[in-house]
Amino acid sequence: MSKEVAQVKVKSTTAQTLEFSTRAWSLESALPSDKAEHQRLWLALPFLFGLFCGATSAAVWVWITWLQGRGGRTMFSLAVFLLCAATSVAASAKGAAAAAGPRLNNNELYKFSYTTELLLDKARGSKEGSAGYRISSDVNINLVRRDPSNKDDQLIQLAISNVQIEPVSQRSDRNSVLHGSTTESILGKTKLAALTKPFLVHLKNGKTKAFYSYWAEPATIKNLKRGITSLLQFQTHTGKVVENDVSGRCTVQYQATEGQVTRTKILETCKTSEIGFTTHSKVLGVSRKSSSVTVFKLEDGFIQSAVAEETHSLAVDARRSTAAKIVSRQTLLLVGKEAGPLEVAGKDVAGVVKSIDGKLAAVGIIPEKLKTQCEGCPSLFEHWQAVKKQLEPASLSKATAPRSFLGLVQSIRKASKDEILKVLKSAGKTTLPQVVDAVTSSQTPASLDAMLEFLNFTDGKGLVLQERFLYACGFASHPNERMLQALLNIAKGKIGSTDIKESVVIIMGALVRKMCLKGSCDLPTVVQVKKMILEGPESTQVESEVQMYLLALKNSLLPEAIPILTKFAESEVGSYSIIALTALERYDVSLINPKVKQTVNRVYHQNRRIYEKNVRAAAADVILSSNPSYIEVKNLLLSIGNLPHEMNKYMLSKIQDILRFQMPASKIVRKALEDMISHNYDRFAKVGSSSAFSGFMAKSPDVTSTYSLDILYSGSGILRRSNMNIYGSSQGSMLHGLQVAIEAQGLESLIAATADEGEEDLESFAGMSALLFDVQLRPVTFFKGYSDLMAKMFSMTGEPMNVVKGLILLTDHSEVIQLQSGLKASAEFQGGLAIDISGGMEISLWYRESKTSVNNRGALVVTGNVTVDMDFLRTGVEVSFETEASLDFITTVQFSEYPFLVCMQMDKAGFPVSDYFARYDSVSSGKSITSRKGKKQHVPGSEFPLHQENSNMCKRVFESSW
C-alpha cells in the first residue's frame, strides 16, 4: 500500500480512529528496550487494538503478526490505524443499511386491512355496552419516489377503499342508529369520494415530513387520513424523541427488540392548537389519565401489523365515580403484496406531487379544528323559553335549577352578544337575577359585552343585578384579563351605590388571586389592580373604604400584602384588626415569618394596647394555625385563667379541640401540656358558654369534608362572635367551601349588663360576613347604632336576612382530546350550584332570649359530557349526579337566669343523591337514539355532634321552653 493511499484512508476515518492512532504511535515510542519484552508486547498488542477497534481477533492476529514479521514498527502502527479506519467505515455502512423506518420496495403494492374503533362508556363500563362505532377499510400503499441518496427518504401513496361503518357493540336494531344505513348514506357521496381519494405522505427516516391532501376536503376526512398515516411513523432503535403527528407535537418513547417496536406516547406532553380550560381549584376539578401504546410487528424491516390502543379516563375529583372513559383502537394488518406501479420520475418531492395531481397540497400532519354546526338545535332564546320556569326563585333549592342553569350556560357560550341581550331584556323580574348568573358564568367575550351594556352601574337602584354580576365574576372558573379590566373600568367610573363600589374592589382581589394562580400575575391589568389594592388601605381615612381594600387583599392572598396586613392587625379599629388577622390565617404557613408571628402574639397578649375579645380570639387562631413554637403555645396556655371570663372558656375549648381532632398543632400542644404549670386544674376547669368544636361532615376516598363551629360570648352572655366553617379536601388540596361569621357588639345596655374590658365604648352593631368557595363577599350589616337597633328590634319578623343567593358555576372543565385515529373527542364537565345562604339575629326582651341562625339551602348538579362529532356521525356519553341539601345552624341564648343557657344546633336534613348515565348517537340524516339510566339513594338527616356540655345545655333549654 502506497503512502498516498494511506493518507486518503486517514482522511476518511472517524475522529475516534484518529485519536486511537495517536495513542498507537505513543505506545510504540514507549516500548521497552529489552528485545524479549519487546516481542511479547508486540504479540499482545494486536488483541488490545482489535478489542478497541471492534475488529475480529483472528483477523487482527494474522495480519499484524505478518507485519511484525516484516520487522517494521511503522508498518505495525499504520496497519492498526488502517484497520480501525476500515472497521469504522464498515460499522457506518452497517448502520446505513439498517432501515430507519418502514421501507417500501419499488414496483410493489402493499395491501392492508385497517380498522379503527371508538368506545365511550362509564369508567367502570356499563351493562348495555359502550357507545361508539367501528370504521374498517382496505388500504393500498405503494412507493411513488425514493431519494437516490437515502433509501429512507420516500414519497408513498395511500388509497382507502371498501369503507364500512358499524356499531362497536351488539345492539338491537331498534337501539342502533346505524341500522339500515349504508356507508354512503352515512358519509354522503361527497365525503365518501373524498375519503377514498388517494393521498401522499413524505416519509423521511421513519418520520412524516409532509402530508399531501386537498384543501377543499372536509377536516374530518383529512383527520381520518392522518390517523392512518400515524401508523406508518416509527423508528427501529430505542430512544425518546419529539414527534409531530395527528396527536400534535408529543414526546414519544420507543422500545425496539427483534422484529418488534413499541411506541409509547407521553400524552401529557402533546401540544395542539386547541387549548381548553379548567377550574382553578383541584377540589372542584376534573382529572384525566391517559395512555397511548402502539406495537409494530416487523419482518425484514417492514410492517406486518400495527396495533394501537389509546385510553383517556376523566373523573370528577370530588366524586370519582362520576367518570367517563374513551378507548380508541387502531389495527393495520398486511394481507398481501402484488405488482404495483413504478416510481415516478422527478428531481424532488414537490415536483413529483405536482405531476401526479396539481391540486394536492402539503396540508400538515397536525389535525385541523372541526367546525361542527348543530342542525335543528334550538336557539338561545328558544332554550331560555324552555327552562325559565326552572329558574324561578322558588325552584332554586331543587336540582332542576342548576341542571337548567348548566344547559343555559352552554347555549350562551355559543351565542352572539345580540342573542344574549335579547334574553336579558325578555326575562321577568324574578328570573332576571338567575339569567345574570348564567350569562356572567359563561365567560365569553360576547357574554361579558352583553352584561356591560345591559347593566348601568350609575343607577343605585340596580344593586341586586349588579352584585349578582360581580359575585359571578368572583366565582369565575377561568377569568381573563378582559374581565378584570372591565371591573377596573367600573371601579374608576361613577357608581351609584357604595355597596357596589365595595363589591367591585373586593371581587377584583379574588380575580387577581385566580389569575396569579394560573401564571398571569404579570399581565398589565393585574399589575395595575395589585398596585391599587396594595396602596388602598393607606390612601384613605374612610373606615368603609379601608375595610374594602383590606377585604380585597384578603381575597388576593398576595405575598406583598403580608406587611400591610401585619400592620393593620395592630390597629386601634377592631374591624381592621379582624379582617387583617383572618386574612393572615388564610396564607400558606411558609409565608408567616417571625415578624408576623411577633405582631400577632403582641395582639393576643395585649403588649401595647387593650383589644376586643374577638380580635384576640382571631390572633389566637393565627398563632395556632401557623406552625406555633413551644414557647408560643406555652404562653397561650399560661394566659388561660387571666383572660376575660368567656374568653378563658373559649381558649380552653380551642386547645381541647386541637387535641381531639388531631390538628397540625396538636403535637406541640401535647408537649407544652407536659408542664404542670401550664396544665393544671385551675386552668382546665374554667366554665362558660363559649366553645370551639370541629368534626367530619363526610369522609370518602375522594373527598373529606370537615366543619368547625367557634362561639365566643361576652361576659354578659350576649353573642360576640359566631364562626362556622366548612372545608373540603381532595388530591392534597384544600378548599374553604363556606364561612359564615356573625358578629355583635355594644348590646350590653339592652340587659343592663357591664361590658368587658376594652369594649365599654363600642357602638351597637350586628352583622354577617360570608366567604364562599375561597371568595370573601361583602359583609352584610343587620343594624348599626342604638337607634337603628331599636328600630330593627321592633320591626323584626324573625325572617333571616339574605347573605348570598344565586347560581354558581363550581366545576368548569373543557378540553378537546385529539385521538391518534384522527377522531376528536370533546370533554365538557360542569358543576352548578343553586345556593341560598341567609342569617339572622332575633332578640326578645320579653322572653329574655336571643337567637341567631344561619340557614344554608342548596342543590348541586355535576354533569360530564364526552362527545365525538364527525358532522356525519355523532356519539357521546353523559355521566352526572345531583343532590339537594340543607344545613341549619341555630344558637339559642336564654338570659333569664345566670349563668345563661346556651344551646347550639347544627342540623342536616335528609337528602337524595342521584346518579345518571346517558348514551346518545345520531347521524346527519337526523336520526338519533338516546338511552338513559339512573339510580337514586337517600342519605338520612342528622344533627352534627358538638361537645357534651352543649348537649346538656340544649336539654335544659328545651325543657325550660316547655
# chains A, B, ... in the order shown; residues from 1 in each chain; ligands from 1
>>> residues_around(residues="range 99-109 of chain A", least_positions_apart="2", cutoff="6 Å", atoms="only C-alpha atoms", output="list in words")
Ile141, Asn142, Leu143, Asn205, Gly206, Phe234, Gln235, Thr236, Phe302, Lys337, Glu338, Ala339, Gly340, Pro341 and Leu342 of chain A
>>> select_by_dssp(residues="range 500-659 of chain A", states="alpha helix (DSSP H)", output="VMD selection string")
chain A and resid 500 to 517 524 to 535 543 to 556 562 to 569 574 to 586 594 to 605 613 to 624 630 to 639 645 to 659
>>> residues_around(residues="Gly574 in chain A", least_positions_apart="3", cutoff="12 Å", atoms="only C-alpha atoms", output="VMD selection string")
chain A and resid 543 547 568 to 571 577 to 581 603 609 to 619 743 745 758 to 759 762 to 763
>>> write_last_selection(atoms="N, CA and C atoms", output="tab-separated table (two decimals), in the first residue's frame")
chain	number	residue	atom	x	y	z
A	543	GLU	N	-63.51	54.71	56.97
A	543	GLU	CA	-63.46	53.36	57.54
A	543	GLU	C	-63.97	52.30	56.57
A	547	GLN	N	-61.73	49.13	55.00
A	547	GLN	CA	-62.21	47.75	55.09
A	547	GLN	C	-62.31	47.12	53.71
A	568	PHE	N	-51.95	46.39	59.99
A	568	PHE	CA	-53.34	46.64	60.37
A	568	PHE	C	-53.84	45.66	61.43
A	569	ALA	N	-53.12	44.57	61.65
A	569	ALA	CA	-53.50	43.65	62.71
A	569	ALA	C	-53.43	44.32	64.08
A	570	GLU	N	-52.58	45.34	64.21
A	570	GLU	CA	-52.42	46.06	65.47
A	570	GLU	C	-53.20	47.37	65.48
A	571	SER	N	-54.15	47.50	64.59
A	571	SER	CA	-54.91	48.74	64.50
A	571	SER	C	-55.78	48.95	65.74
A	577	SER	N	-58.51	45.12	62.46
A	577	SER	CA	-57.71	44.03	63.02
A	577	SER	C	-58.30	42.67	62.66
A	578	ILE	N	-59.62	42.55	62.75
A	578	ILE	CA	-60.29	41.28	62.45
A	578	ILE	C	-60.03	40.86	61.01
A	579	ILE	N	-60.22	41.80	60.07
A	579	ILE	CA	-60.01	41.48	58.65
A	579	ILE	C	-58.55	41.10	58.40
A	580	ALA	N	-57.62	41.88	58.96
A	580	ALA	CA	-56.20	41.61	58.74
A	580	ALA	C	-55.79	40.26	59.31
A	581	LEU	N	-56.26	39.93	60.51
A	581	LEU	CA	-55.88	38.67	61.14
A	581	LEU	C	-56.51	37.47	60.42
A	603	VAL	N	-50.63	41.18	69.74
A	603	VAL	CA	-52.07	41.45	69.77
A	603	VAL	C	-52.75	40.56	70.80
A	609	ARG	N	-51.57	47.53	73.66
A	609	ARG	CA	-52.86	48.15	73.95
A	609	ARG	C	-53.89	47.07	74.24
A	610	ILE	N	-55.03	47.51	74.76
A	610	ILE	CA	-56.13	46.60	75.06
A	610	ILE	C	-56.92	46.35	73.77
A	611	TYR	N	-57.23	45.08	73.50
A	611	TYR	CA	-58.00	44.73	72.30
A	611	TYR	C	-59.33	44.07	72.69
A	612	GLU	N	-60.25	44.11	71.75
A	612	GLU	CA	-61.52	43.42	71.94
A	612	GLU	C	-61.30	41.92	71.96
A	613	LYS	N	-62.25	41.18	72.58
A	613	LYS	CA	-62.08	39.72	72.70
A	613	LYS	C	-62.04	39.03	71.34
A	614	ASN	N	-62.89	39.48	70.42
A	614	ASN	CA	-62.90	38.80	69.13
A	614	ASN	C	-61.62	39.03	68.34
A	615	VAL	N	-60.96	40.16	68.56
A	615	VAL	CA	-59.65	40.42	67.93
A	615	VAL	C	-58.61	39.47	68.52
A	616	ARG	N	-58.61	39.33	69.83
A	616	ARG	CA	-57.65	38.43	70.48
A	616	ARG	C	-57.90	36.97	70.07
A	617	ALA	N	-59.17	36.61	69.95
A	617	ALA	CA	-59.51	35.25	69.52
A	617	ALA	C	-59.01	34.99	68.10
A	618	ALA	N	-59.15	36.00	67.22
A	618	ALA	CA	-58.65	35.87	65.84
A	618	ALA	C	-57.13	35.74	65.84
A	619	ALA	N	-56.45	36.47	66.71
A	619	ALA	CA	-54.99	36.36	66.81
A	619	ALA	C	-54.58	34.97	67.28
A	743	GLU	N	-71.12	38.70	63.91
A	743	GLU	CA	-70.51	39.47	64.99
A	743	GLU	C	-71.53	40.44	65.58
A	745	GLN	N	-71.83	43.52	68.92
A	745	GLN	CA	-71.11	44.28	69.95
A	745	GLN	C	-72.02	45.39	70.48
A	758	GLY	N	-62.12	46.92	77.56
A	758	GLY	CA	-61.79	47.32	76.20
A	758	GLY	C	-62.98	47.44	75.28
A	759	GLU	N	-64.19	47.11	75.75
A	759	GLU	CA	-65.38	47.11	74.91
A	759	GLU	C	-66.47	48.03	75.45
A	762	LEU	N	-68.00	50.61	72.68
A	762	LEU	CA	-68.30	50.12	71.33
A	762	LEU	C	-69.73	50.48	70.93
A	763	GLU	N	-69.88	50.87	69.67
A	763	GLU	CA	-71.19	51.20	69.13
A	763	GLU	C	-72.00	49.92	68.91
>>> closest_atom_pairs(of="range 93-202 of chain A", to="range 816-839 of chain A", cutoff="10 Å", atoms="only C-alpha atoms", output="tab-separated table")
residue	atom	partner	partner_atom	distance
A:Thr115	CA	A:Ser821	CA	9.6
A:Thr116	CA	A:Ser821	CA	6.7
A:Glu117	CA	A:Ser821	CA	8.5
A:Leu118	CA	A:Leu823	CA	8.6
A:Leu120	CA	A:Ala825	CA	9.7
>>> residues_around(residues="Gly125 in chain A", least_positions_apart="2", cutoff="12 Å", atoms="only C-alpha atoms", output="list of chain:residue names")
A:Leu119, A:Leu120, A:Asp121, A:Lys122, A:Ala123, A:Lys127, A:Glu128, A:Gly129, A:Ser130, A:Ala131, A:Ser313, A:Ser321, A:Thr322, A:Ala323, A:Ala324, A:Lys325, A:Ile326, A:Val327, A:Val877, A:Val879, A:Phe917
>>> select_by_dssp(residues="range 775-876 of chain A", states="strand (DSSP E)", output="PyMOL selection string")
chain A and resi 775-776+780-784+801-818+824-844+849-869+873-876
>>> write_last_selection(atoms="C-alpha atoms", output="JSON list (two decimals), in the first residue's frame")
[["chain", "number", "residue", "atom", "x", "y", "z"],
["A", 775, "VAL", "CA", -64.05, 34.15, 47.81],
["A", 776, "GLN", "CA", -64.73, 36.71, 50.53],
["A", 780, "VAL", "CA", -73.89, 42.46, 55.48],
["A", 781, "THR", "CA", -74.97, 44.74, 58.36],
["A", 782, "PHE", "CA", -78.03, 43.84, 60.43],
["A", 783, "PHE", "CA", -78.01, 47.12, 62.36],
["A", 784, "LYS", "CA", -75.55, 49.80, 63.36],
["A", 801, "MET", "CA", -81.66, 38.26, 56.03],
["A", 802, "ASN", "CA", -80.28, 37.04, 52.71],
["A", 803, "VAL", "CA", -76.48, 36.92, 52.53],
["A", 804, "VAL", "CA", -75.95, 35.29, 49.16],
["A", 805, "LYS", "CA", -78.40, 33.76, 46.75],
["A", 806, "GLY", "CA", -77.92, 32.59, 43.23],
["A", 807, "LEU", "CA", -76.42, 30.08, 40.83],
["A", 808, "ILE", "CA", -72.71, 29.35, 40.82],
["A", 809, "LEU", "CA", -70.63, 27.54, 38.21],
["A", 810, "LEU", "CA", -68.42, 25.47, 40.51],
["A", 811, "THR", "CA", -66.78, 22.97, 38.18],
["A", 812, "ASP", "CA", -65.90, 24.06, 34.65],
["A", 813, "HIS", "CA", -63.64, 21.86, 32.57],
["A", 814, "SER", "CA", -63.43, 21.88, 28.80],
["A", 815, "GLU", "CA", -60.91, 20.22, 26.51],
["A", 816, "VAL", "CA", -60.57, 18.68, 23.08],
["A", 817, "ILE", "CA", -58.81, 15.32, 23.09],
["A", 818, "GLN", "CA", -57.17, 14.57, 19.78],
["A", 824, "LYS", "CA", -61.60, 14.31, 18.14],
["A", 825, "ALA", "CA", -63.33, 13.90, 21.49],
["A", 826, "SER", "CA", -64.83, 16.93, 23.20],
["A", 827, "ALA", "CA", -64.97, 16.66, 27.00],
["A", 828, "GLU", "CA", -67.15, 19.09, 28.95],
["A", 829, "PHE", "CA", -67.58, 18.80, 32.73],
["A", 830, "GLN", "CA", -69.67, 21.39, 34.55],
["A", 831, "GLY", "CA", -70.94, 21.61, 38.10],
["A", 832, "GLY", "CA", -73.72, 24.03, 39.00],
["A", 833, "LEU", "CA", -74.81, 25.02, 42.50],
["A", 834, "ALA", "CA", -78.03, 26.77, 43.40],
["A", 835, "ILE", "CA", -77.42, 28.30, 46.80],
["A", 836, "ASP", "CA", -79.35, 30.35, 49.31],
["A", 837, "ILE", "CA", -77.50, 31.45, 52.47],
["A", 838, "SER", "CA", -79.32, 33.59, 54.94],
["A", 839, "GLY", "CA", -78.76, 34.58, 58.52],
["A", 840, "GLY", "CA", -80.50, 36.49, 61.23],
["A", 841, "MET", "CA", -80.40, 37.64, 64.78],
["A", 842, "GLU", "CA", -83.52, 37.86, 66.91],
["A", 843, "ILE", "CA", -83.66, 39.38, 70.41],
["A", 844, "SER", "CA", -86.69, 39.19, 72.69],
["A", 849, "GLU", "CA", -83.89, 35.23, 74.82],
["A", 850, "SER", "CA", -81.74, 35.76, 71.73],
["A", 851, "LYS", "CA", -81.45, 33.52, 68.72],
["A", 852, "THR", "CA", -79.01, 33.62, 65.82],
["A", 853, "SER", "CA", -79.49, 31.44, 62.78],
["A", 854, "VAL", "CA", -77.56, 30.59, 59.64],
["A", 855, "ASN", "CA", -79.59, 28.74, 57.04],
["A", 856, "ASN", "CA", -77.94, 27.09, 54.05],
["A", 857, "ARG", "CA", -80.03, 25.68, 51.21],
["A", 858, "GLY", "CA", -78.52, 24.27, 48.08],
["A", 859, "ALA", "CA", -78.88, 21.97, 45.09],
["A", 860, "LEU", "CA", -75.86, 20.63, 43.22],
["A", 861, "VAL", "CA", -75.67, 19.09, 39.75],
["A", 862, "VAL", "CA", -72.44, 17.91, 38.10],
["A", 863, "THR", "CA", -72.51, 16.67, 34.51],
["A", 864, "GLY", "CA", -69.79, 15.29, 32.29],
["A", 865, "ASN", "CA", -70.24, 15.02, 28.54],
["A", 866, "VAL", "CA", -67.77, 13.29, 26.24],
["A", 867, "THR", "CA", -68.72, 13.61, 22.57],
["A", 868, "VAL", "CA", -67.11, 12.65, 19.28],
["A", 869, "ASP", "CA", -68.76, 14.64, 16.49],
["A", 873, "LEU", "CA", -71.89, 10.77, 12.82],
["A", 874, "ARG", "CA", -72.12, 11.87, 16.43],
["A", 875, "THR", "CA", -71.79, 9.72, 19.51],
["A", 876, "GLY", "CA", -71.35, 10.50, 23.17]]
